[in-house]
$ cat start.tsv   # TSV, N, CA and C atoms
chain	number	residue	atom	x	y	z
B	1	MET	N	0.85	-1.17	0.00
B	1	MET	CA	0.00	0.00	0.00
B	1	MET	C	0.89	1.23	0.00
B	2	THR	N	0.55	2.18	-0.80
B	2	THR	CA	1.29	3.43	-0.82
B	2	THR	C	0.39	4.55	-0.35
B	3	GLY	N	0.96	5.71	-0.20
B	3	GLY	CA	0.15	6.85	0.21
B	3	GLY	C	0.54	7.37	1.57
B	4	ARG	N	-0.43	7.96	2.27
B	4	ARG	CA	-0.17	8.64	3.52
B	4	ARG	C	0.46	7.72	4.56
B	5	ASN	N	-0.06	6.49	4.73
B	5	ASN	CA	0.49	5.61	5.76
B	5	ASN	C	1.97	5.34	5.55
B	6	ASP	N	2.38	5.14	4.31
B	6	ASP	CA	3.79	4.90	4.04
B	6	ASP	C	4.63	6.13	4.38
B	7	ARG	N	4.12	7.32	4.05
B	7	ARG	CA	4.86	8.54	4.39
B	7	ARG	C	4.96	8.72	5.90
B	8	VAL	N	3.86	8.50	6.60
B	8	VAL	CA	3.84	8.65	8.05
B	8	VAL	C	4.76	7.62	8.68
B	9	ASN	N	4.66	6.36	8.27
B	9	ASN	CA	5.50	5.32	8.85
B	9	ASN	C	6.97	5.55	8.53
B	10	GLY	N	7.26	5.99	7.31
B	10	GLY	CA	8.64	6.28	6.93
B	10	GLY	C	9.22	7.40	7.76
B	11	ARG	N	8.44	8.46	7.97
B	11	ARG	CA	8.90	9.58	8.79
B	11	ARG	C	9.14	9.11	10.23
B	12	ARG	N	8.20	8.32	10.75
B	12	ARG	CA	8.33	7.83	12.13
B	12	ARG	C	9.58	6.96	12.26
B	13	ALA	N	9.84	6.11	11.28
B	13	ALA	CA	11.03	5.26	11.32
B	13	ALA	C	12.30	6.11	11.33
B	14	ARG	N	12.35	7.12	10.48
B	14	ARG	CA	13.53	7.99	10.44
B	14	ARG	C	13.70	8.76	11.74
B	15	GLU	N	12.58	9.23	12.33
B	15	GLU	CA	12.65	9.98	13.59
B	15	GLU	C	13.19	9.10	14.71
B	16	GLN	N	12.89	7.80	14.66
B	16	GLN	CA	13.33	6.90	15.72
B	16	GLN	C	14.67	6.24	15.39
B	17	GLY	N	15.35	6.76	14.40
B	17	GLY	CA	16.69	6.28	14.11
B	17	GLY	C	16.76	5.23	13.03
B	18	GLY	N	15.63	4.82	12.47
B	18	GLY	CA	15.63	3.84	11.41
B	18	GLY	C	15.59	4.50	10.05
B	19	ARG	N	15.64	3.70	9.02
B	19	ARG	CA	15.54	4.21	7.65
B	19	ARG	C	14.45	3.42	6.97
B	20	ALA	N	13.33	4.04	6.70
B	20	ALA	CA	12.19	3.36	6.10
B	20	ALA	C	12.62	2.68	4.81
B	21	GLY	N	12.22	1.42	4.65
B	21	GLY	CA	12.51	0.67	3.45
B	21	GLY	C	13.91	0.10	3.41
B	22	MET	N	14.70	0.26	4.46
B	22	MET	CA	16.09	-0.17	4.44
B	22	MET	C	16.38	-1.31	5.41
B	23	ALA	N	15.39	-1.83	6.10
B	23	ALA	CA	15.63	-2.91	7.05
B	23	ALA	C	15.82	-4.22	6.30
B	24	ASP	N	16.78	-5.02	6.74
B	24	ASP	CA	16.95	-6.35	6.18
B	24	ASP	C	17.08	-7.34	7.33
B	25	ALA	N	16.92	-8.61	7.03
B	25	ALA	CA	16.90	-9.64	8.07
B	25	ALA	C	18.19	-9.65	8.89
B	26	ALA	N	19.34	-9.60	8.23
B	26	ALA	CA	20.61	-9.68	8.95
B	26	ALA	C	20.78	-8.51	9.93
B	27	THR	N	20.38	-7.33	9.52
B	27	THR	CA	20.48	-6.15	10.39
B	27	THR	C	19.55	-6.30	11.59
B	28	ILE	N	18.33	-6.73	11.34
B	28	ILE	CA	17.36	-6.90	12.44
B	28	ILE	C	17.83	-7.97	13.41
B	29	LEU	N	18.33	-9.09	12.91
B	29	LEU	CA	18.81	-10.16	13.78
B	29	LEU	C	19.94	-9.65	14.67
B	30	LYS	N	20.86	-8.89	14.11
B	30	LYS	CA	21.97	-8.35	14.89
B	30	LYS	C	21.46	-7.39	15.96
B	31	MET	N	20.47	-6.56	15.60
B	31	MET	CA	19.88	-5.64	16.57
B	31	MET	C	19.26	-6.41	17.73
B	32	ILE	N	18.53	-7.48	17.43
B	32	ILE	CA	17.87	-8.28	18.45
B	32	ILE	C	18.91	-8.94	19.36
B	33	GLU	N	19.98	-9.45	18.77
B	33	GLU	CA	21.01	-10.16	19.54
B	33	GLU	C	21.75	-9.25	20.52
B	34	THR	N	21.83	-7.97	20.20
B	34	THR	CA	22.66	-7.07	21.02
B	34	THR	C	21.87	-6.11	21.91
B	35	VAL	N	20.55	-6.12	21.82
B	35	VAL	CA	19.76	-5.14	22.57
B	35	VAL	C	19.67	-5.51	24.05
B	36	ASP	N	19.66	-4.49	24.87
B	36	ASP	CA	19.35	-4.64	26.29
B	36	ASP	C	17.85	-4.36	26.42
B	37	PRO	N	17.06	-5.31	26.92
B	37	PRO	CA	15.61	-5.11	26.99
B	37	PRO	C	15.17	-3.87	27.77
B	38	SER	N	16.04	-3.32	28.60
B	38	SER	CA	15.68	-2.10	29.34
B	38	SER	C	15.92	-0.83	28.50
B	39	ASP	N	16.54	-0.96	27.35
B	39	ASP	CA	16.80	0.18	26.46
B	39	ASP	C	15.59	0.38	25.55
B	40	THR	N	14.63	1.16	26.02
B	40	THR	CA	13.38	1.32	25.28
B	40	THR	C	13.58	1.98	23.92
B	41	ALA	N	14.52	2.89	23.81
B	41	ALA	CA	14.75	3.55	22.52
B	41	ALA	C	15.23	2.55	21.48
B	42	GLU	N	16.13	1.67	21.87
B	42	GLU	CA	16.63	0.65	20.93
B	42	GLU	C	15.53	-0.38	20.62
B	43	MET	N	14.73	-0.72	21.61
B	43	MET	CA	13.62	-1.64	21.37
B	43	MET	C	12.64	-1.02	20.37
B	44	ASP	N	12.39	0.29	20.49
B	44	ASP	CA	11.53	0.98	19.52
B	44	ASP	C	12.13	0.96	18.12
B	45	ARG	N	13.45	1.12	18.03
B	45	ARG	CA	14.11	1.06	16.71
B	45	ARG	C	13.96	-0.33	16.09
B	46	ILE	N	14.05	-1.36	16.91
B	46	ILE	CA	13.85	-2.73	16.40
B	46	ILE	C	12.42	-2.89	15.91
B	47	ASP	N	11.45	-2.41	16.69
B	47	ASP	CA	10.05	-2.50	16.28
B	47	ASP	C	9.84	-1.83	14.93
B	48	MET	N	10.41	-0.65	14.75
B	48	MET	CA	10.26	0.06	13.48
B	48	MET	C	10.95	-0.69	12.33
B	49	ALA	N	12.09	-1.28	12.60
B	49	ALA	CA	12.79	-2.04	11.56
B	49	ALA	C	11.98	-3.26	11.16
B	50	VAL	N	11.34	-3.91	12.13
B	50	VAL	CA	10.51	-5.08	11.84
B	50	VAL	C	9.29	-4.66	11.02
B	51	VAL	N	8.65	-3.58	11.41
B	51	VAL	CA	7.51	-3.07	10.63
B	51	VAL	C	7.96	-2.82	9.20
B	52	ASP	N	9.08	-2.18	9.05
B	52	ASP	CA	9.63	-1.86	7.74
B	52	ASP	C	9.90	-3.13	6.94
B	53	TYR	N	10.44	-4.13	7.58
B	53	TYR	CA	10.80	-5.39	6.92
B	53	TYR	C	9.59	-6.24	6.57
B	54	VAL	N	8.61	-6.28	7.47
B	54	VAL	CA	7.49	-7.20	7.32
B	54	VAL	C	6.41	-6.65	6.40
B	55	ASP	N	5.84	-5.48	6.74
B	55	ASP	CA	4.70	-5.03	5.94
B	55	ASP	C	4.54	-3.52	5.83
B	56	GLY	N	5.37	-2.76	6.50
B	56	GLY	CA	5.31	-1.31	6.37
B	56	GLY	C	4.14	-0.64	7.08
B	57	GLN	N	3.34	-1.39	7.81
B	57	GLN	CA	2.19	-0.81	8.50
B	57	GLN	C	2.45	-0.81	10.00
B	58	TRP	N	2.45	0.36	10.60
B	58	TRP	CA	2.84	0.51	12.00
B	58	TRP	C	1.77	-0.01	12.96
B	59	TYR	N	0.62	0.57	12.99
B	59	TYR	CA	-0.48	0.20	13.90
B	59	TYR	C	-0.07	0.16	15.37
B	60	GLY	N	1.03	0.77	15.74
B	60	GLY	CA	1.46	0.81	17.13
B	60	GLY	C	1.97	-0.51	17.69
B	61	ARG	N	2.30	-1.45	16.83
B	61	ARG	CA	2.74	-2.78	17.29
B	61	ARG	C	4.14	-2.72	17.90
B	62	GLN	N	4.30	-3.46	18.97
B	62	GLN	CA	5.60	-3.56	19.64
B	62	GLN	C	6.00	-5.03	19.68
B	63	PHE	N	6.67	-5.46	18.64
B	63	PHE	CA	7.05	-6.86	18.52
B	63	PHE	C	8.05	-7.28	19.57
B	64	THR	N	8.86	-6.36	20.06
B	64	THR	CA	9.88	-6.68	21.05
B	64	THR	C	9.30	-6.87	22.44
B	65	ARG	N	8.02	-6.54	22.62
B	65	ARG	CA	7.42	-6.59	23.95
B	65	ARG	C	6.10	-7.35	24.03
B	66	SER	N	5.58	-7.82	22.90
B	66	SER	CA	4.24	-8.41	22.90
B	66	SER	C	4.17	-9.69	22.09
B	67	ARG	N	3.85	-10.79	22.76
B	67	ARG	CA	3.67	-12.05	22.04
B	67	ARG	C	2.45	-11.96	21.12
B	68	ASP	N	1.43	-11.19	21.51
B	68	ASP	CA	0.26	-11.02	20.64
B	68	ASP	C	0.63	-10.33	19.34
B	69	ALA	N	1.49	-9.31	19.40
B	69	ALA	CA	1.93	-8.64	18.18
B	69	ALA	C	2.71	-9.61	17.29
B	70	LEU	N	3.47	-10.50	17.90
B	70	LEU	CA	4.25	-11.47	17.13
B	70	LEU	C	3.35	-12.45	16.36
B	71	LYS	N	2.21	-12.78	16.94
B	71	LYS	CA	1.28	-13.70	16.27
B	71	LYS	C	0.87	-13.18	14.90
B	72	ALA	N	0.77	-11.87	14.77
B	72	ALA	CA	0.33	-11.27	13.51
B	72	ALA	C	1.35	-11.41	12.39
B	73	ILE	N	2.62	-11.63	12.72
B	73	ILE	CA	3.64	-11.72	11.67
B	73	ILE	C	4.23	-13.12	11.52
B	74	ARG	N	3.71	-14.08	12.28
B	74	ARG	CA	4.20	-15.46	12.12
B	74	ARG	C	3.88	-15.95	10.71
B	75	PRO	N	4.87	-16.47	10.00
B	75	PRO	CA	4.58	-16.98	8.65
B	75	PRO	C	3.66	-18.20	8.73
B	76	LYS	N	2.76	-18.30	7.76
B	76	LYS	CA	1.82	-19.43	7.73
B	76	LYS	C	2.58	-20.74	7.56
B	77	GLY	N	2.12	-21.74	8.30
B	77	GLY	CA	2.71	-23.07	8.22
B	77	GLY	C	3.89	-23.29	9.15
B	78	TRP	N	4.33	-22.24	9.83
B	78	TRP	CA	5.47	-22.35	10.75
B	78	TRP	C	4.98	-22.51	12.17
B	79	ASN	N	5.72	-23.27	12.97
B	79	ASN	CA	5.45	-23.46	14.39
B	79	ASN	C	6.64	-22.91	15.18
B	80	PHE	N	6.35	-22.33	16.33
B	80	PHE	CA	7.39	-21.74	17.16
B	80	PHE	C	7.23	-22.21	18.60
B	81	ALA	N	8.33	-22.66	19.20
B	81	ALA	CA	8.31	-23.14	20.58
B	81	ALA	C	9.37	-22.40	21.37
B	82	ILE	N	8.97	-21.84	22.51
B	82	ILE	CA	9.89	-21.12	23.39
B	82	ILE	C	10.45	-22.10	24.41
B	83	LEU	N	11.76	-22.08	24.56
B	83	LEU	CA	12.42	-22.95	25.51
B	83	LEU	C	13.11	-22.10	26.57
B	84	PRO	N	12.64	-22.13	27.84
B	84	PRO	CA	13.34	-21.41	28.90
B	84	PRO	C	14.61	-22.17	29.27
B	85	LEU	N	15.69	-21.45	29.45
B	85	LEU	CA	16.97	-22.07	29.77
B	85	LEU	C	17.34	-21.79	31.22
B	86	SER	N	18.22	-22.60	31.77
B	86	SER	CA	18.57	-22.50	33.18
B	86	SER	C	19.27	-21.20	33.56
B	87	ASP	N	19.86	-20.52	32.58
B	87	ASP	CA	20.55	-19.25	32.89
B	87	ASP	C	19.62	-18.04	32.84
B	88	GLY	N	18.30	-18.28	32.72
B	88	GLY	CA	17.33	-17.19	32.70
B	88	GLY	C	17.08	-16.61	31.32
B	89	THR	N	17.69	-17.17	30.29
B	89	THR	CA	17.46	-16.72	28.93
B	89	THR	C	16.45	-17.64	28.25
B	90	PHE	N	16.10	-17.30	27.01
B	90	PHE	CA	15.13	-18.08	26.26
B	90	PHE	C	15.66	-18.35	24.87
B	91	CYS	N	15.29	-19.50	24.35
B	91	CYS	CA	15.60	-19.88	22.98
B	91	CYS	C	14.27	-20.20	22.31
B	92	CYS	N	14.14	-19.86	21.05
B	92	CYS	CA	12.93	-20.18	20.31
B	92	CYS	C	13.32	-21.08	19.14
B	93	ARG	N	12.58	-22.16	18.97
B	93	ARG	CA	12.84	-23.10	17.87
B	93	ARG	C	11.67	-23.02	16.90
B	94	GLY	N	11.99	-22.86	15.64
B	94	GLY	CA	10.97	-22.80	14.59
B	94	GLY	C	10.99	-24.06	13.75
B	95	SER	N	9.83	-24.43	13.25
B	95	SER	CA	9.75	-25.57	12.34
B	95	SER	C	8.62	-25.31	11.35
B	96	TYR	N	8.80	-25.83	10.16
B	96	TYR	CA	7.78	-25.67	9.12
B	96	TYR	C	6.99	-26.96	9.00
B	97	GLY	N	5.67	-26.84	9.00
B	97	GLY	CA	4.82	-28.02	8.85
B	97	GLY	C	4.68	-28.78	10.15
B	98	ASP	N	5.36	-29.87	10.26
B	98	ASP	CA	5.28	-30.76	11.42
B	98	ASP	C	5.93	-30.09	12.64
B	99	PRO	N	5.16	-29.87	13.71
B	99	PRO	CA	5.73	-29.20	14.89
B	99	PRO	C	6.79	-30.04	15.60
B	100	ASN	N	6.89	-31.33	15.28
B	100	ASN	CA	7.89	-32.18	15.91
B	100	ASN	C	9.25	-32.14	15.20
B	101	ARG	N	9.32	-31.46	14.07
B	101	ARG	CA	10.59	-31.33	13.37
B	101	ARG	C	11.53	-30.43	14.18
B	102	THR	N	12.79	-30.67	14.06
B	102	THR	CA	13.77	-29.87	14.81
B	102	THR	C	14.83	-29.27	13.89
B	103	ASP	N	14.56	-29.22	12.59
B	103	ASP	CA	15.57	-28.73	11.67
B	103	ASP	C	15.34	-27.29	11.22
B	104	GLY	N	14.45	-26.58	11.88
B	104	GLY	CA	14.18	-25.20	11.52
B	104	GLY	C	15.13	-24.24	12.22
B	105	PRO	N	14.92	-22.94	12.04
B	105	PRO	CA	15.81	-21.95	12.66
B	105	PRO	C	15.61	-21.88	14.17
B	106	ASP	N	16.70	-21.62	14.86
B	106	ASP	CA	16.68	-21.39	16.30
B	106	ASP	C	17.18	-19.98	16.57
B	107	SER	N	16.70	-19.41	17.67
B	107	SER	CA	17.22	-18.10	18.08
B	107	SER	C	18.48	-18.32	18.89
B	108	ASP	N	19.20	-17.23	19.10
B	108	ASP	CA	20.27	-17.24	20.10
B	108	ASP	C	19.59	-17.31	21.46
B	109	ASN	N	20.37	-17.48	22.52
B	109	ASN	CA	19.83	-17.41	23.86
B	109	ASN	C	19.65	-15.93	24.19
B	110	LEU	N	18.39	-15.52	24.28
B	110	LEU	CA	18.07	-14.10	24.45
B	110	LEU	C	17.35	-13.86	25.77
B	111	ARG	N	17.32	-12.60	26.20
B	111	ARG	CA	16.87	-12.27	27.55
B	111	ARG	C	15.36	-12.26	27.74
B	112	THR	N	14.57	-12.21	26.66
B	112	THR	CA	13.12	-12.26	26.82
B	112	THR	C	12.53	-13.25	25.81
B	113	GLU	N	11.35	-13.76	26.13
B	113	GLU	CA	10.64	-14.67	25.22
B	113	GLU	C	10.33	-13.98	23.90
B	114	GLU	N	9.91	-12.72	23.99
B	114	GLU	CA	9.53	-11.98	22.80
B	114	GLU	C	10.71	-11.80	21.84
B	115	LEU	N	11.87	-11.46	22.37
B	115	LEU	CA	13.05	-11.29	21.52
B	115	LEU	C	13.46	-12.61	20.89
B	116	ALA	N	13.39	-13.70	21.66
B	116	ALA	CA	13.74	-15.02	21.11
B	116	ALA	C	12.79	-15.41	19.98
B	117	GLU	N	11.49	-15.21	20.19
B	117	GLU	CA	10.53	-15.55	19.15
B	117	GLU	C	10.69	-14.64	17.93
B	118	LEU	N	10.88	-13.36	18.16
B	118	LEU	CA	11.06	-12.43	17.06
B	118	LEU	C	12.29	-12.81	16.22
B	119	HIS	N	13.36	-13.18	16.88
B	119	HIS	CA	14.59	-13.60	16.20
B	119	HIS	C	14.30	-14.77	15.25
B	120	THR	N	13.54	-15.76	15.72
B	120	THR	CA	13.24	-16.94	14.91
B	120	THR	C	12.24	-16.60	13.81
B	121	ILE	N	11.26	-15.75	14.09
B	121	ILE	CA	10.29	-15.36	13.07
B	121	ILE	C	11.00	-14.65	11.92
B	122	ILE	N	11.92	-13.75	12.22
B	122	ILE	CA	12.65	-13.03	11.16
B	122	ILE	C	13.43	-14.04	10.31
B	123	GLN	N	14.04	-15.03	10.94
B	123	GLN	CA	14.74	-16.06	10.18
B	123	GLN	C	13.78	-16.84	9.28
B	124	ALA	N	12.60	-17.17	9.81
B	124	ALA	CA	11.62	-17.93	9.03
B	124	ALA	C	11.11	-17.11	7.84
B	125	ILE	N	10.86	-15.82	8.06
B	125	ILE	CA	10.41	-14.95	6.96
B	125	ILE	C	11.49	-14.86	5.89
B	126	ALA	N	12.74	-14.72	6.32
B	126	ALA	CA	13.86	-14.61	5.38
B	126	ALA	C	14.05	-15.91	4.60
B	127	TYR	N	13.69	-17.03	5.21
B	127	TYR	CA	13.85	-18.33	4.57
B	127	TYR	C	12.96	-18.41	3.34
$ encode --input "start.tsv" --output "structure tokens"
Amino acid sequence: MTGRNDRVNGRRAREQGGRAGMADAATILKMIETVDPSDTAEMDRIDMAVVDYVDGQWYGRQFTRSRDALKAIRPKGWNFAILPLSDGTFCCRGSYGDPNRTDGPDSDNLRTEELAELHTIIQAIAY
């Protein structure tokens, strides 16, 4: 969709330190891997990069903080399982089709469930 929403979202992305239309999977994955969840400005930049990468429509979604927002961008046919680890971090395992498969993308060990799932979703979309 083009028009006002794209201009508004592009401006908002640039204001928050992103570049509308310039997000790619590798950049987003690196941002997710290095973010401190208490750094709200960086979390907002990741959200804008994901919006830019996925569909360009903002709608106020915060993928870095909301499992419900993540449901909206899960690719069809993919399954995602969050694994809590003993060190207090989380890993997310993705699989296509059969949820018992284990050959899909995995996230790094990340500090929140949302970041782990987002990391794996971006990999699945890029796939």
$ closest_residue --input "start.tsv" --among "B:Gly97, B:Thr64, B:Val51, B:Asn109" --to "Trp78 (chain B)" --atoms "only N, CA and C atoms"
B:Gly97
$ residues_around --input "start.tsv" --residues "region 84-94 of chain B" --least-positions-apart "5" --cutoff "8 Å" --atoms "all atoms listed in the file" --output "PyMOL selection string"
chain B and resi 78-79+99+101-121+124
$ closest_residue --input "start.tsv" --among "B:Asp68, B:Gln62, B:Tyr96, B:Ile82" --to "Met43 (chain B)" --atoms "all atoms listed in the file"
B:Gln62
$ atom_distance --input "start.tsv" --atom1 "atom C of Gln123 (chain B)" --atom2 "atom N of Asp55 (chain B)"
14.1 Å
$ atom_distance --input "start.tsv" --atom1 "atom N of Arg65 (chain B)" --atom2 "atom C of Asp98 (chain B)"
25.7 Å
$ closest_residue --input "start.tsv" --among "B:Glu33, B:Arg45, B:Ile73, B:Ala26" --to "Gln57 (chain B)" --atoms "only C-alpha atoms"
B:Ile73
$ atom_distance --input "start.tsv" --atom1 "atom C of Ile46 (chain B)" --atom2 "CA of Ile28 (chain B)"
7.2 Å
$ select_by_dssp --input "start.tsv" --residues "region 14-83 of chain B" --states "strand (DSSP E)" --output "ChimeraX atom specification"
/B:78-83
$ residues_around --input "start.tsv" --residues "Ala25 (chain B)" --least-positions-apart "6" --cutoff "7 Å" --atoms "only N, CA and C atoms" --output "ChimeraX atom specification"
/B:53,122-123,126
$ closest_residue --input "start.tsv" --among "B:Ser95, B:Arg74, B:Phe80, B:Thr27" --to "Ala49 (chain B)" --atoms "all atoms listed in the file"
B:Thr27
$ decode --input "start.tsv" --residues "region 99-109 of chain B" --atoms "all heavy atoms" --output "PDB file, in the first residue's frame"
ATOM      1  N   PRO B  99       5.156 -29.866  13.708  1.00  0.00           N
ATOM      2  CA  PRO B  99       5.732 -29.196  14.887  1.00  0.00           C
ATOM      3  C   PRO B  99       6.792 -30.039  15.600  1.00  0.00           C
ATOM      4  O   PRO B  99       7.519 -29.528  16.434  1.00  0.00           O
ATOM      5  CB  PRO B  99       4.525 -28.943  15.791  1.00  0.00           C
ATOM      6  CG  PRO B  99       3.448 -29.817  15.291  1.00  0.00           C
ATOM      7  CD  PRO B  99       3.735 -30.137  13.854  1.00  0.00           C
ATOM      8  N   ASN B 100       6.890 -31.328  15.275  1.00  0.00           N
ATOM      9  CA  ASN B 100       7.891 -32.182  15.913  1.00  0.00           C
ATOM     10  C   ASN B 100       9.247 -32.136  15.202  1.00  0.00           C
ATOM     11  O   ASN B 100      10.207 -32.714  15.689  1.00  0.00           O
ATOM     12  CB  ASN B 100       7.393 -33.631  15.967  1.00  0.00           C
ATOM     13  CG  ASN B 100       6.171 -33.755  16.855  1.00  0.00           C
ATOM     14  OD1 ASN B 100       6.112 -33.153  17.922  1.00  0.00           O
ATOM     15  ND2 ASN B 100       5.188 -34.507  16.413  1.00  0.00           N
ATOM     16  N   ARG B 101       9.317 -31.457  14.068  1.00  0.00           N
ATOM     17  CA  ARG B 101      10.592 -31.330  13.370  1.00  0.00           C
ATOM     18  C   ARG B 101      11.526 -30.434  14.176  1.00  0.00           C
ATOM     19  O   ARG B 101      11.088 -29.537  14.883  1.00  0.00           O
ATOM     20  CB  ARG B 101      10.388 -30.713  11.986  1.00  0.00           C
ATOM     21  CG  ARG B 101       9.684 -31.635  11.026  1.00  0.00           C
ATOM     22  CD  ARG B 101       9.456 -30.987   9.705  1.00  0.00           C
ATOM     23  NE  ARG B 101      10.741 -30.598   9.105  1.00  0.00           N
ATOM     24  CZ  ARG B 101      10.844 -30.014   7.940  1.00  0.00           C
ATOM     25  NH1 ARG B 101       9.767 -29.724   7.238  1.00  0.00           N
ATOM     26  NH2 ARG B 101      12.018 -29.688   7.458  1.00  0.00           N
ATOM     27  N   THR B 102      12.793 -30.666  14.059  1.00  0.00           N
ATOM     28  CA  THR B 102      13.773 -29.868  14.807  1.00  0.00           C
ATOM     29  C   THR B 102      14.835 -29.269  13.893  1.00  0.00           C
ATOM     30  O   THR B 102      15.889 -28.869  14.357  1.00  0.00           O
ATOM     31  CB  THR B 102      14.461 -30.730  15.885  1.00  0.00           C
ATOM     32  OG1 THR B 102      15.108 -31.834  15.234  1.00  0.00           O
ATOM     33  CG2 THR B 102      13.460 -31.235  16.907  1.00  0.00           C
ATOM     34  N   ASP B 103      14.557 -29.220  12.595  1.00  0.00           N
ATOM     35  CA  ASP B 103      15.572 -28.732  11.668  1.00  0.00           C
ATOM     36  C   ASP B 103      15.341 -27.291  11.220  1.00  0.00           C
ATOM     37  O   ASP B 103      15.983 -26.824  10.298  1.00  0.00           O
ATOM     38  CB  ASP B 103      15.658 -29.643  10.453  1.00  0.00           C
ATOM     39  CG  ASP B 103      14.334 -29.739   9.694  1.00  0.00           C
ATOM     40  OD1 ASP B 103      13.300 -29.286  10.234  1.00  0.00           O
ATOM     41  OD2 ASP B 103      14.337 -30.272   8.579  1.00  0.00           O
ATOM     42  N   GLY B 104      14.449 -26.583  11.880  1.00  0.00           N
ATOM     43  CA  GLY B 104      14.184 -25.195  11.518  1.00  0.00           C
ATOM     44  C   GLY B 104      15.129 -24.245  12.219  1.00  0.00           C
ATOM     45  O   GLY B 104      16.048 -24.651  12.931  1.00  0.00           O
ATOM     46  N   PRO B 105      14.915 -22.945  12.039  1.00  0.00           N
ATOM     47  CA  PRO B 105      15.810 -21.950  12.661  1.00  0.00           C
ATOM     48  C   PRO B 105      15.613 -21.876  14.172  1.00  0.00           C
ATOM     49  O   PRO B 105      14.518 -22.094  14.681  1.00  0.00           O
ATOM     50  CB  PRO B 105      15.385 -20.640  12.000  1.00  0.00           C
ATOM     51  CG  PRO B 105      13.981 -20.861  11.569  1.00  0.00           C
ATOM     52  CD  PRO B 105      13.867 -22.324  11.236  1.00  0.00           C
ATOM     53  N   ASP B 106      16.697 -21.616  14.855  1.00  0.00           N
ATOM     54  CA  ASP B 106      16.683 -21.388  16.304  1.00  0.00           C
ATOM     55  C   ASP B 106      17.180 -19.979  16.574  1.00  0.00           C
ATOM     56  O   ASP B 106      18.007 -19.453  15.837  1.00  0.00           O
ATOM     57  CB  ASP B 106      17.613 -22.357  17.033  1.00  0.00           C
ATOM     58  CG  ASP B 106      17.113 -23.785  17.041  1.00  0.00           C
ATOM     59  OD1 ASP B 106      15.917 -24.003  16.777  1.00  0.00           O
ATOM     60  OD2 ASP B 106      17.928 -24.678  17.309  1.00  0.00           O
ATOM     61  N   SER B 107      16.695 -19.407  17.666  1.00  0.00           N
ATOM     62  CA  SER B 107      17.218 -18.102  18.079  1.00  0.00           C
ATOM     63  C   SER B 107      18.484 -18.316  18.893  1.00  0.00           C
ATOM     64  O   SER B 107      18.787 -19.428  19.329  1.00  0.00           O
ATOM     65  CB  SER B 107      16.180 -17.366  18.928  1.00  0.00           C
ATOM     66  OG  SER B 107      16.059 -17.975  20.203  1.00  0.00           O
ATOM     67  N   ASP B 108      19.201 -17.233  19.102  1.00  0.00           N
ATOM     68  CA  ASP B 108      20.267 -17.235  20.099  1.00  0.00           C
ATOM     69  C   ASP B 108      19.593 -17.310  21.461  1.00  0.00           C
ATOM     70  O   ASP B 108      18.368 -17.174  21.575  1.00  0.00           O
ATOM     71  CB  ASP B 108      21.075 -15.942  20.010  1.00  0.00           C
ATOM     72  CG  ASP B 108      21.966 -15.895  18.780  1.00  0.00           C
ATOM     73  OD1 ASP B 108      22.077 -16.925  18.087  1.00  0.00           O
ATOM     74  OD2 ASP B 108      22.539 -14.829  18.515  1.00  0.00           O
ATOM     75  N   ASN B 109      20.374 -17.482  22.516  1.00  0.00           N
ATOM     76  CA  ASN B 109      19.831 -17.412  23.863  1.00  0.00           C
ATOM     77  C   ASN B 109      19.650 -15.935  24.187  1.00  0.00           C
ATOM     78  O   ASN B 109      20.622 -15.204  24.331  1.00  0.00           O
ATOM     79  CB  ASN B 109      20.774 -18.067  24.864  1.00  0.00           C
ATOM     80  CG  ASN B 109      20.961 -19.544  24.585  1.00  0.00           C
ATOM     81  OD1 ASN B 109      20.264 -20.112  23.752  1.00  0.00           O
ATOM     82  ND2 ASN B 109      21.891 -20.163  25.258  1.00  0.00           N
TER      83      ASN B 109
END
